[in-house]
$ cat upload-v3.pdb   # PDB, C-alpha atoms
ATOM      1  CA  MET E   1      -5.599 -86.255  74.545
ATOM      2  CA  GLY E   2      -8.555 -85.148  72.425
ATOM      3  CA  THR E   3     -10.263 -83.529  75.423
ATOM      4  CA  TYR E   4      -7.026 -81.768  76.341
ATOM      5  CA  ILE E   5      -6.617 -80.333  72.827
ATOM      6  CA  VAL E   6     -10.218 -79.076  72.729
ATOM      7  CA  ARG E   7      -9.798 -77.472  76.160
ATOM      8  CA  ARG E   8      -6.623 -75.732  75.057
ATOM      9  CA  LEU E   9      -8.232 -74.462  71.849
ATOM     10  CA  LEU E  10     -11.193 -73.060  73.755
ATOM     11  CA  GLY E  11      -8.799 -71.397  76.194
ATOM     12  CA  MET E  12      -7.159 -69.553  73.303
ATOM     13  CA  VAL E  13     -10.317 -67.537  72.597
ATOM     14  CA  PRO E  14     -10.234 -65.244  75.675
ATOM     15  CA  THR E  15      -6.440 -65.034  75.431
ATOM     16  CA  LEU E  16      -6.577 -63.813  71.836
ATOM     17  CA  PHE E  17      -9.356 -61.381  72.759
ATOM     18  CA  LEU E  18      -7.196 -59.822  75.484
ATOM     19  CA  VAL E  19      -4.161 -59.780  73.187
ATOM     20  CA  SER E  20      -6.168 -58.016  70.479
ATOM     21  CA  ILE E  21      -7.156 -55.268  72.926
ATOM     22  CA  LEU E  22      -3.600 -54.829  74.200
ATOM     23  CA  THR E  23      -2.045 -54.759  70.733
ATOM     24  CA  PHE E  24      -4.580 -52.259  69.422
ATOM     25  CA  VAL E  25      -4.027 -49.964  72.412
ATOM     26  CA  ILE E  26      -0.225 -50.289  72.287
ATOM     27  CA  ILE E  27      -0.155 -49.282  68.621
ATOM     28  CA  GLN E  28      -1.976 -46.055  69.562
ATOM     29  CA  LEU E  29       0.477 -45.138  72.353
ATOM     30  CA  PRO E  30       3.032 -43.198  70.236
ATOM     31  CA  GLN E  31       2.123 -39.565  69.646
ATOM     32  CA  GLY E  32       0.228 -38.891  66.456
ATOM     33  CA  ASP E  33      -1.098 -41.413  63.978
ATOM     34  CA  TYR E  34      -0.739 -42.363  60.326
ATOM     35  CA  ALA E  35      -2.088 -38.973  59.237
ATOM     36  CA  THR E  36       0.563 -37.032  61.155
ATOM     37  CA  ALA E  37       3.300 -39.398  59.908
ATOM     38  CA  LEU E  38       2.096 -38.871  56.333
ATOM     39  CA  ALA E  39       1.938 -35.109  56.862
ATOM     40  CA  ALA E  40       5.512 -35.090  58.187
ATOM     41  CA  GLN E  41       6.681 -36.972  55.105
ATOM     42  CA  ALA E  42       4.806 -34.562  52.847
ATOM     43  CA  ALA E  43       6.272 -31.530  54.612
ATOM     44  CA  ALA E  44       9.797 -32.975  54.392
ATOM     45  CA  SER E  45       9.416 -33.405  50.635
ATOM     46  CA  GLY E  46       8.051 -29.884  50.145
ATOM     47  CA  GLY E  47       4.380 -30.859  49.980
ATOM     48  CA  SER E  48       1.403 -29.853  52.058
ATOM     49  CA  GLY E  49       1.593 -30.899  55.685
ATOM     50  CA  ASP E  50      -0.803 -28.409  57.336
ATOM     51  CA  GLU E  51      -3.598 -29.147  59.791
ATOM     52  CA  ALA E  52      -6.273 -29.235  57.083
ATOM     53  CA  PHE E  53      -4.346 -31.975  55.286
ATOM     54  CA  ILE E  54      -4.045 -33.994  58.525
ATOM     55  CA  GLN E  55      -7.772 -33.695  59.265
ATOM     56  CA  THR E  56      -8.646 -34.746  55.720
ATOM     57  CA  ILE E  57      -6.503 -37.875  55.991
ATOM     58  CA  ARG E  58      -7.913 -38.681  59.438
ATOM     59  CA  HIS E  59     -11.468 -38.446  58.140
ATOM     60  CA  GLN E  60     -10.620 -40.457  55.009
ATOM     61  CA  TYR E  61      -9.249 -43.413  57.023
ATOM     62  CA  GLY E  62     -11.628 -43.132  59.980
ATOM     63  CA  LEU E  63      -8.901 -42.025  62.394
ATOM     64  CA  ASP E  64     -11.185 -39.309  63.764
ATOM     65  CA  GLN E  65     -13.492 -41.930  65.273
ATOM     66  CA  PRO E  66     -13.202 -42.996  68.938
ATOM     67  CA  LEU E  67     -10.682 -45.715  69.731
ATOM     68  CA  TYR E  68     -13.275 -48.274  70.795
ATOM     69  CA  ILE E  69     -15.246 -47.805  67.562
ATOM     70  CA  ARG E  70     -12.129 -48.455  65.485
ATOM     71  CA  TYR E  71     -11.272 -51.499  67.606
ATOM     72  CA  LEU E  72     -14.757 -53.001  67.316
ATOM     73  CA  THR E  73     -14.765 -52.417  63.558
ATOM     74  CA  TRP E  74     -11.412 -54.170  63.226
ATOM     75  CA  ILE E  75     -12.035 -57.128  65.546
ATOM     76  CA  LEU E  76     -15.514 -57.846  64.138
ATOM     77  CA  GLY E  77     -14.023 -57.796  60.661
ATOM     78  CA  CYS E  78     -11.284 -60.221  61.780
ATOM     79  CA  LEU E  79     -13.973 -62.726  62.736
ATOM     80  CA  HIS E  80     -15.095 -62.684  59.095
ATOM     81  CA  GLY E  81     -11.599 -62.759  57.589
ATOM     82  CA  ASP E  82     -11.471 -58.987  56.992
ATOM     83  CA  PHE E  83      -8.383 -57.689  58.817
ATOM     84  CA  GLY E  84      -8.821 -54.092  57.762
ATOM     85  CA  TYR E  85      -7.223 -51.805  55.191
ATOM     86  CA  SER E  86      -3.565 -50.813  55.033
ATOM     87  CA  PHE E  87      -3.201 -47.037  55.031
ATOM     88  CA  GLU E  88       0.287 -47.073  53.524
ATOM     89  CA  TRP E  89      -0.193 -49.736  50.848
ATOM     90  CA  HIS E  90      -3.830 -48.944  50.016
ATOM     91  CA  GLN E  91      -4.672 -52.628  49.994
ATOM     92  CA  PRO E  92      -6.571 -55.030  52.233
ATOM     93  CA  VAL E  93      -4.332 -56.357  55.005
ATOM     94  CA  ALA E  94      -5.231 -59.969  54.174
ATOM     95  CA  ASP E  95      -3.994 -59.519  50.587
ATOM     96  CA  LEU E  96      -0.707 -57.958  51.727
ATOM     97  CA  ILE E  97       0.081 -60.714  54.208
ATOM     98  CA  GLY E  98      -1.155 -63.470  51.905
ATOM     99  CA  ALA E  99       1.169 -62.313  49.107
ATOM    100  CA  ARG E 100       4.247 -62.826  51.310
ATOM    101  CA  ILE E 101       3.264 -65.537  53.745
ATOM    102  CA  ALA E 102       4.230 -68.472  51.485
ATOM    103  CA  MET E 103       7.827 -67.286  51.077
ATOM    104  CA  THR E 104       8.022 -66.440  54.775
ATOM    105  CA  LEU E 105       6.870 -69.942  55.725
ATOM    106  CA  LEU E 106       9.316 -71.574  53.309
ATOM    107  CA  LEU E 107      12.276 -69.550  54.550
ATOM    108  CA  SER E 108      11.423 -69.909  58.237
ATOM    109  CA  VAL E 109      10.668 -73.649  58.127
ATOM    110  CA  LEU E 110      13.939 -74.304  56.307
ATOM    111  CA  ALA E 111      15.833 -72.158  58.841
ATOM    112  CA  LEU E 112      14.193 -74.065  61.700
ATOM    113  CA  ALA E 113      15.046 -77.399  60.092
ATOM    114  CA  PHE E 114      18.629 -76.237  59.505
ATOM    115  CA  SER E 115      19.053 -75.287  63.163
ATOM    116  CA  TRP E 116      17.797 -78.706  64.295
ATOM    117  CA  VAL E 117      19.884 -80.675  61.808
ATOM    118  CA  VAL E 118      23.002 -78.799  62.905
ATOM    119  CA  ALA E 119      22.307 -78.547  66.637
ATOM    120  CA  ILE E 120      21.356 -82.121  67.549
ATOM    121  CA  PRO E 121      24.469 -83.973  66.294
ATOM    122  CA  ILE E 122      26.803 -81.217  67.509
ATOM    123  CA  GLY E 123      25.117 -81.158  70.917
ATOM    124  CA  ILE E 124      25.385 -84.954  71.191
ATOM    125  CA  TYR E 125      29.053 -84.911  70.208
ATOM    126  CA  SER E 126      29.890 -82.112  72.667
ATOM    127  CA  ALA E 127      28.117 -83.871  75.534
ATOM    128  CA  THR E 128      29.698 -87.267  74.858
ATOM    129  CA  HIS E 129      33.176 -85.731  74.333
ATOM    130  CA  GLN E 130      33.082 -83.223  77.184
ATOM    131  CA  TYR E 131      36.124 -80.914  77.416
ATOM    132  CA  SER E 132      37.775 -82.463  74.378
ATOM    133  CA  LYS E 133      39.312 -80.211  71.728
ATOM    134  CA  GLY E 134      36.312 -80.773  69.508
ATOM    135  CA  ASP E 135      33.916 -79.860  72.328
ATOM    136  CA  VAL E 136      35.858 -76.688  73.122
ATOM    137  CA  ALA E 137      35.928 -75.665  69.452
ATOM    138  CA  LEU E 138      32.232 -76.337  68.912
ATOM    139  CA  THR E 139      31.276 -74.650  72.188
ATOM    140  CA  SER E 140      33.280 -71.565  71.225
ATOM    141  CA  LEU E 141      31.559 -71.575  67.838
ATOM    142  CA  GLY E 142      28.204 -71.783  69.625
ATOM    143  CA  PHE E 143      29.030 -68.798  71.816
ATOM    144  CA  LEU E 144      30.079 -66.883  68.700
ATOM    145  CA  GLY E 145      26.785 -67.728  67.037
ATOM    146  CA  LEU E 146      24.864 -66.485  70.061
ATOM    147  CA  SER E 147      26.814 -63.236  70.331
ATOM    148  CA  VAL E 148      26.780 -62.171  66.668
ATOM    149  CA  PRO E 149      23.366 -60.807  65.560
ATOM    150  CA  ASP E 150      21.859 -62.349  62.455
ATOM    151  CA  PHE E 151      21.691 -58.979  60.692
ATOM    152  CA  MET E 152      25.471 -58.613  61.216
ATOM    153  CA  LEU E 153      25.998 -61.962  59.499
ATOM    154  CA  ALA E 154      23.743 -60.730  56.707
ATOM    155  CA  LEU E 155      25.813 -57.555  56.307
ATOM    156  CA  VAL E 156      29.077 -59.549  56.228
ATOM    157  CA  TYR E 157      27.623 -61.941  53.651
ATOM    158  CA  LEU E 158      26.335 -59.020  51.586
ATOM    159  CA  PHE E 159      29.770 -57.368  51.622
ATOM    160  CA  VAL E 160      31.679 -60.556  50.777
ATOM    161  CA  ALA E 161      29.274 -61.606  48.028
ATOM    162  CA  THR E 162      29.133 -58.243  46.277
ATOM    163  CA  THR E 163      32.733 -57.081  46.824
ATOM    164  CA  TRP E 164      34.844 -60.226  46.633
ATOM    165  CA  LEU E 165      32.661 -62.611  44.654
ATOM    166  CA  SER E 166      30.892 -60.023  42.470
ATOM    167  CA  ALA E 167      27.672 -61.969  42.940
ATOM    168  CA  SER E 168      24.093 -60.956  43.608
ATOM    169  CA  ALA E 169      23.247 -61.311  47.295
ATOM    170  CA  SER E 170      19.964 -59.450  47.775
ATOM    171  CA  GLY E 171      16.510 -60.769  47.058
ATOM    172  CA  LEU E 172      15.716 -64.388  46.254
ATOM    173  CA  VAL E 173      16.683 -64.177  42.581
ATOM    174  CA  SER E 174      19.073 -61.967  40.636
ATOM    175  CA  ALA E 175      17.648 -58.710  39.334
ATOM    176  CA  ASP E 176      17.960 -59.777  35.682
ATOM    177  CA  LEU E 177      15.918 -62.938  36.351
ATOM    178  CA  GLU E 178      13.042 -61.465  38.353
ATOM    179  CA  GLN E 179      10.707 -61.172  35.378
ATOM    180  CA  ALA E 180      12.022 -64.244  33.566
ATOM    181  CA  PRO E 181       9.933 -67.446  33.523
ATOM    182  CA  TRP E 182      11.026 -70.308  35.754
ATOM    183  CA  SER E 183      13.771 -72.453  34.251
ATOM    184  CA  PRO E 184      16.599 -74.660  35.579
ATOM    185  CA  GLY E 185      18.918 -71.649  35.520
ATOM    186  CA  LYS E 186      16.510 -69.466  37.478
ATOM    187  CA  PHE E 187      15.885 -72.279  39.967
ATOM    188  CA  LEU E 188      19.624 -72.667  40.618
ATOM    189  CA  ASP E 189      19.897 -68.902  41.042
ATOM    190  CA  PHE E 190      16.974 -69.082  43.500
ATOM    191  CA  LEU E 191      18.752 -71.787  45.512
ATOM    192  CA  GLY E 192      21.942 -69.693  45.485
ATOM    193  CA  HIS E 193      20.030 -66.887  47.203
ATOM    194  CA  LEU E 194      17.834 -69.078  49.417
ATOM    195  CA  ILE E 195      20.534 -71.238  51.041
ATOM    196  CA  PRO E 196      22.641 -68.337  52.457
ATOM    197  CA  ALA E 197      19.483 -66.665  53.790
ATOM    198  CA  VAL E 198      18.427 -69.916  55.511
ATOM    199  CA  ILE E 199      21.874 -70.355  57.071
ATOM    200  CA  ILE E 200      22.004 -66.749  58.301
ATOM    201  CA  ILE E 201      18.522 -66.864  59.847
ATOM    202  CA  GLY E 202      19.051 -70.327  61.334
ATOM    203  CA  ALA E 203      22.556 -69.722  62.712
ATOM    204  CA  ALA E 204      21.495 -68.057  65.978
ATOM    205  CA  GLY E 205      18.809 -70.660  66.601
ATOM    206  CA  ALA E 206      21.268 -73.465  65.953
ATOM    207  CA  ALA E 207      23.766 -71.994  68.428
ATOM    208  CA  GLN E 208      21.067 -71.751  71.090
ATOM    209  CA  LEU E 209      19.883 -75.324  70.512
ATOM    210  CA  ILE E 210      23.460 -76.632  70.673
ATOM    211  CA  ARG E 211      23.856 -75.189  74.161
ATOM    212  CA  ILE E 212      20.492 -76.586  75.279
ATOM    213  CA  MET E 213      21.154 -80.044  73.819
ATOM    214  CA  ARG E 214      24.651 -80.283  75.275
ATOM    215  CA  GLY E 215      23.657 -79.177  78.763
ATOM    216  CA  ASN E 216      20.558 -81.332  78.974
ATOM    217  CA  LEU E 217      22.282 -84.421  77.577
ATOM    218  CA  LEU E 218      25.107 -84.056  80.084
ATOM    219  CA  GLU E 219      22.533 -84.017  82.871
ATOM    220  CA  THR E 220      20.647 -86.977  81.385
ATOM    221  CA  LEU E 221      23.776 -89.110  81.019
ATOM    222  CA  GLY E 222      24.203 -88.969  84.790
ATOM    223  CA  GLN E 223      20.734 -90.366  85.512
ATOM    224  CA  GLN E 224      20.270 -93.753  87.150
ATOM    225  CA  TYR E 225      18.392 -95.357  84.262
ATOM    226  CA  VAL E 226      21.278 -94.576  81.889
ATOM    227  CA  THR E 227      23.704 -96.246  84.301
ATOM    228  CA  THR E 228      21.365 -99.246  84.471
ATOM    229  CA  ALA E 229      21.217 -99.484  80.676
ATOM    230  CA  ARG E 230      25.023 -99.510  80.527
ATOM    231  CA  ALA E 231      25.167-102.154  83.271
ATOM    232  CA  LYS E 232      22.952-104.400  81.132
ATOM    233  CA  GLY E 233      25.704-104.466  78.507
ATOM    234  CA  LEU E 234      24.038-102.308  75.855
ATOM    235  CA  LYS E 235      26.254-100.607  73.341
ATOM    236  CA  GLU E 236      27.152 -97.019  74.185
ATOM    237  CA  SER E 237      25.537 -95.776  70.970
ATOM    238  CA  ALA E 238      22.273 -97.553  71.895
ATOM    239  CA  VAL E 239      22.364 -96.132  75.411
ATOM    240  CA  ILE E 240      22.858 -92.605  74.120
ATOM    241  CA  ASN E 241      20.454 -92.647  71.175
ATOM    242  CA  ARG E 242      17.691 -94.861  72.577
ATOM    243  CA  TYR E 243      17.602 -93.655  76.184
ATOM    244  CA  ALA E 244      19.508 -90.422  76.792
ATOM    245  CA  VAL E 245      18.820 -88.435  73.619
ATOM    246  CA  ARG E 246      15.110 -89.247  73.630
ATOM    247  CA  VAL E 247      14.747 -87.530  77.000
ATOM    248  CA  ALA E 248      17.333 -84.789  76.446
ATOM    249  CA  ILE E 249      15.582 -83.617  73.293
ATOM    250  CA  ASN E 250      12.436 -82.573  75.195
ATOM    251  CA  PRO E 251      13.557 -78.958  75.849
ATOM    252  CA  LEU E 252      14.322 -78.566  72.136
ATOM    253  CA  ILE E 253      10.720 -79.441  71.329
ATOM    254  CA  SER E 254       9.519 -76.804  73.777
ATOM    255  CA  VAL E 255      11.860 -74.209  72.250
ATOM    256  CA  ALA E 256      10.594 -75.108  68.767
ATOM    257  CA  GLY E 257       7.082 -74.250  69.908
ATOM    258  CA  MET E 258       8.288 -70.863  71.112
ATOM    259  CA  GLN E 259      10.000 -70.254  67.766
ATOM    260  CA  LEU E 260       6.808 -70.772  65.750
ATOM    261  CA  PRO E 261       5.910 -67.035  65.713
ATOM    262  CA  ASN E 262       9.048 -66.555  63.616
ATOM    263  CA  LEU E 263       7.175 -68.294  60.822
ATOM    264  CA  ILE E 264       5.075 -65.138  60.561
ATOM    265  CA  SER E 265       7.524 -62.378  61.468
ATOM    266  CA  GLY E 266      10.534 -64.018  59.877
ATOM    267  CA  SER E 267      13.833 -62.341  60.619
ATOM    268  CA  VAL E 268      12.847 -58.708  60.261
ATOM    269  CA  ILE E 269      16.253 -57.036  60.030
ATOM    270  CA  VAL E 270      17.725 -59.821  57.881
ATOM    271  CA  GLY E 271      14.777 -59.419  55.532
ATOM    272  CA  VAL E 272      15.508 -55.703  55.239
ATOM    273  CA  VAL E 273      19.263 -56.172  54.744
ATOM    274  CA  LEU E 274      18.896 -58.904  52.111
ATOM    275  CA  SER E 275      15.714 -57.437  50.533
ATOM    276  CA  LEU E 276      13.793 -60.660  51.106
ATOM    277  CA  PRO E 277      10.099 -60.688  50.078
ATOM    278  CA  THR E 278       8.922 -61.830  53.511
ATOM    279  CA  THR E 279       6.441 -60.427  56.009
ATOM    280  CA  GLY E 280       9.184 -59.182  58.348
ATOM    281  CA  PRO E 281      10.033 -55.934  56.512
ATOM    282  CA  LEU E 282       6.298 -55.351  55.953
ATOM    283  CA  PHE E 283       5.720 -55.596  59.714
ATOM    284  CA  LEU E 284       8.584 -53.190  60.418
ATOM    285  CA  HIS E 285       7.212 -50.564  58.004
ATOM    286  CA  ALA E 286       3.746 -50.938  59.534
ATOM    287  CA  LEU E 287       5.123 -50.163  63.005
ATOM    288  CA  GLN E 288       7.224 -47.245  61.780
ATOM    289  CA  ASN E 289       4.334 -45.621  59.903
ATOM    290  CA  GLN E 290       1.646 -46.497  62.484
ATOM    291  CA  ASP E 291      -0.292 -48.492  59.920
ATOM    292  CA  THR E 292      -2.767 -49.540  62.594
ATOM    293  CA  TYR E 293      -4.646 -52.449  61.082
ATOM    294  CA  LEU E 294      -1.626 -54.000  59.373
ATOM    295  CA  ALA E 295       0.536 -53.827  62.524
ATOM    296  CA  GLY E 296      -2.320 -55.000  64.742
ATOM    297  CA  THR E 297      -3.014 -57.997  62.510
ATOM    298  CA  PHE E 298       0.658 -58.978  62.577
ATOM    299  CA  LEU E 299       0.776 -58.829  66.380
ATOM    300  CA  LEU E 300      -2.445 -60.826  66.647
ATOM    301  CA  LEU E 301      -1.072 -63.473  64.285
ATOM    302  CA  LEU E 302       2.150 -63.665  66.286
ATOM    303  CA  ALA E 303       0.155 -64.278  69.466
ATOM    304  CA  PHE E 304      -1.952 -66.923  67.721
ATOM    305  CA  MET E 305       1.136 -68.690  66.370
ATOM    306  CA  LEU E 306       2.693 -68.637  69.851
ATOM    307  CA  LEU E 307      -0.382 -70.304  71.349
ATOM    308  CA  ILE E 308      -0.534 -72.876  68.548
ATOM    309  CA  GLY E 309       3.219 -73.478  68.884
ATOM    310  CA  ASN E 310       2.903 -74.201  72.593
ATOM    311  CA  LEU E 311       0.029 -76.600  71.928
ATOM    312  CA  LEU E 312       1.944 -78.450  69.191
ATOM    313  CA  ALA E 313       5.019 -78.602  71.432
ATOM    314  CA  ASP E 314       2.983 -80.173  74.239
ATOM    315  CA  ILE E 315       1.539 -82.758  71.842
ATOM    316  CA  ALA E 316       4.994 -83.515  70.431
ATOM    317  CA  LEU E 317       6.392 -83.907  73.958
ATOM    318  CA  ALA E 318       3.707 -86.465  74.787
ATOM    319  CA  TRP E 319       4.571 -88.352  71.596
ATOM    320  CA  ALA E 320       8.340 -88.229  72.174
ATOM    321  CA  ASP E 321       8.310 -89.052  75.894
ATOM    322  CA  PRO E 322       5.966 -91.849  77.058
ATOM    323  CA  ARG E 323       6.187 -90.520  80.627
ATOM    324  CA  ILE E 324       4.194 -87.404  79.689
ATOM    325  CA  ARG E 325       0.426 -87.795  79.723
ATOM    326  CA  TYR E 326      -2.371 -85.237  79.578
ATOM    327  CA  ASP E 327      -5.661 -85.981  81.291
TER     328      ASP E 327
END
$ encode --input "upload-v3.pdb" --output "structure tokens"
Amino acid sequence: MGTYIVRRLLGMVPTLFLVSILTFVIIQLPQGDYATALAAQAAASGGSGDEAFIQTIRHQYGLDQPLYIRYLTWILGCLHGDFGYSFEWHQPVADLIGARIAMTLLLSVLALAFSWVVAIPIGIYSATHQYSKGDVALTSLGFLGLSVPDFMLALVYLFVATTWLSASASGLVSADLEQAPWSPGKFLDFLGHLIPAVIIIGAAGAAQLIRIMRGNLLETLGQQYVTTARAKGLKESAVINRYAVRVAINPLISVAGMQLPNLISGSVIVGVVLSLPTTGPLFLHALQNQDTYLAGTFLLLLAFMLLIGNLLADIALAWADPRIRYD
């Protein structure tokens, strides 16, 4: 296993190198750059947006240099922990991401845990009570969760909370408590904002995992070894939990590895709708304003988290299923 992990980690190096080139080139594909976007904003507000202004901004931020020079400057800095400078925020990229990454990780990990806690028991119940009223109701609820976007749920929650309940629904604390020191009251207010955000972000993932768990468990329950376990006189609960579920849960582990990039991006649109201090809205603004180094760093981190997620999923699969071995 140790040799396998080292081999996978070494294989990530050329992959990340290729991803860094692709992301940096893709960010440059739209017409113009940050200077032209800034000039357009200045012209729209009645300021100066002429060619001299654009050239001054390009020279100030090094946008007049060749593409390969800018890429080499960025990627060599990344190797030393310097991810460049944000044009829009006038701050180092590492400081911007670091200021929001803790809250993003907290929110995303809780949403991932919520989806698992909800999906596994519901998926087991639906598979073991196939075509019952409960299975039909839960399956319909799962389809509804898959079809309704998370930002739509956020908008509905925002409307209900502010219009019917007259409660604060944006941010992670109420506006009057943002500058207040932490206290039991502020902590309860924080939980009141955190829990709905976790449910909204985790709802779509839970619906997807329910479908995966139900379908895979139904297939597993028809396997020969499950029939043999029942023939030995084991209790049905032991057959399901000890034999069937342990195998049926494997695809969920793989999906969890694919969901790891969400720990960095978060739910972008939900973050915008609910004004959450996560990295998602920051990433969206970077793409809209062609903030090259900030957007490129986000995309590189997403690729890195995807590779790490796949590796962790493979390790978890080997731990959960004794049949899986890596040479």
$ resolve_selection --input "upload-v3.pdb" --expression "the PyMOL selection byres ((chain E and resi 298) around 12)" --output "ChimeraX atom specification"
/E:19-20,23-24,27,83-84,86,93-94,96-98,101,261-266,279-287,291-297,299-305
$ atom_distance --input "upload-v3.pdb" --atom1 "atom CA of Gly171 of chain E" --atom2 "atom CA of Asp150 of chain E"
16.4 Å
$ resolve_selection --input "upload-v3.pdb" --expression "the PyMOL selection byres ((chain E and resi 216-225) around 8)" --output "PyMOL selection string"
chain E and resi 123-124+127-128+212-215+226-229+240+244-245+247-249
$ atom_distance --input "upload-v3.pdb" --atom1 "atom CA of Phe159 of chain E" --atom2 "atom CA of Ala207 of chain E"
23.1 Å
$ closest_residue --input "upload-v3.pdb" --among "E:Leu274, E:Ile199, E:Leu191, E:Ile269" --to "Ala169 of chain E" --atoms "all atoms listed in the file"
E:Leu274
$ closest_residue --input "upload-v3.pdb" --among "E:Leu29, E:Leu276, E:Leu67, E:Leu112" --to "Ser174 of chain E" --atoms "all atoms listed in the file"
E:Leu276
$ build_atoms --input "upload-v3.pdb" --residues "segment 145-156 of chain E" --atoms "N, CA and C atoms" --output "PDB file, keeping the file's coordinate frame"
ATOM      1  N   GLY E 145      28.074 -67.818  67.708  1.00  0.00           N
ATOM      2  CA  GLY E 145      26.785 -67.728  67.037  1.00  0.00           C
ATOM      3  C   GLY E 145      25.735 -67.017  67.867  1.00  0.00           C
ATOM      4  N   LEU E 146      25.810 -67.170  69.189  1.00  0.00           N
ATOM      5  CA  LEU E 146      24.864 -66.485  70.061  1.00  0.00           C
ATOM      6  C   LEU E 146      25.157 -64.995  70.180  1.00  0.00           C
ATOM      7  N   SER E 147      26.424 -64.625  70.095  1.00  0.00           N
ATOM      8  CA  SER E 147      26.814 -63.236  70.331  1.00  0.00           C
ATOM      9  C   SER E 147      26.722 -62.360  69.087  1.00  0.00           C
ATOM     10  N   VAL E 148      26.824 -62.954  67.906  1.00  0.00           N
ATOM     11  CA  VAL E 148      26.780 -62.171  66.668  1.00  0.00           C
ATOM     12  C   VAL E 148      25.335 -62.109  66.177  1.00  0.00           C
ATOM     13  N   PRO E 149      24.746 -60.916  66.044  1.00  0.00           N
ATOM     14  CA  PRO E 149      23.366 -60.807  65.560  1.00  0.00           C
ATOM     15  C   PRO E 149      23.237 -61.317  64.130  1.00  0.00           C
ATOM     16  N   ASP E 150      22.054 -61.810  63.793  1.00  0.00           N
ATOM     17  CA  ASP E 150      21.859 -62.349  62.455  1.00  0.00           C
ATOM     18  C   ASP E 150      21.969 -61.275  61.380  1.00  0.00           C
ATOM     19  N   PHE E 151      21.575 -60.027  61.702  1.00  0.00           N
ATOM     20  CA  PHE E 151      21.691 -58.979  60.692  1.00  0.00           C
ATOM     21  C   PHE E 151      23.160 -58.638  60.420  1.00  0.00           C
ATOM     22  N   MET E 152      24.040 -58.838  61.436  1.00  0.00           N
ATOM     23  CA  MET E 152      25.471 -58.613  61.216  1.00  0.00           C
ATOM     24  C   MET E 152      26.021 -59.670  60.263  1.00  0.00           C
ATOM     25  N   LEU E 153      25.597 -60.919  60.442  1.00  0.00           N
ATOM     26  CA  LEU E 153      25.998 -61.962  59.499  1.00  0.00           C
ATOM     27  C   LEU E 153      25.505 -61.632  58.096  1.00  0.00           C
ATOM     28  N   ALA E 154      24.288 -61.097  58.011  1.00  0.00           N
ATOM     29  CA  ALA E 154      23.743 -60.730  56.707  1.00  0.00           C
ATOM     30  C   ALA E 154      24.564 -59.621  56.056  1.00  0.00           C
ATOM     31  N   LEU E 155      24.993 -58.641  56.856  1.00  0.00           N
ATOM     32  CA  LEU E 155      25.813 -57.555  56.307  1.00  0.00           C
ATOM     33  C   LEU E 155      27.178 -58.072  55.840  1.00  0.00           C
ATOM     34  N   VAL E 156      27.786 -58.964  56.628  1.00  0.00           N
ATOM     35  CA  VAL E 156      29.077 -59.549  56.228  1.00  0.00           C
ATOM     36  C   VAL E 156      28.920 -60.344  54.943  1.00  0.00           C
TER      37      VAL E 156
END
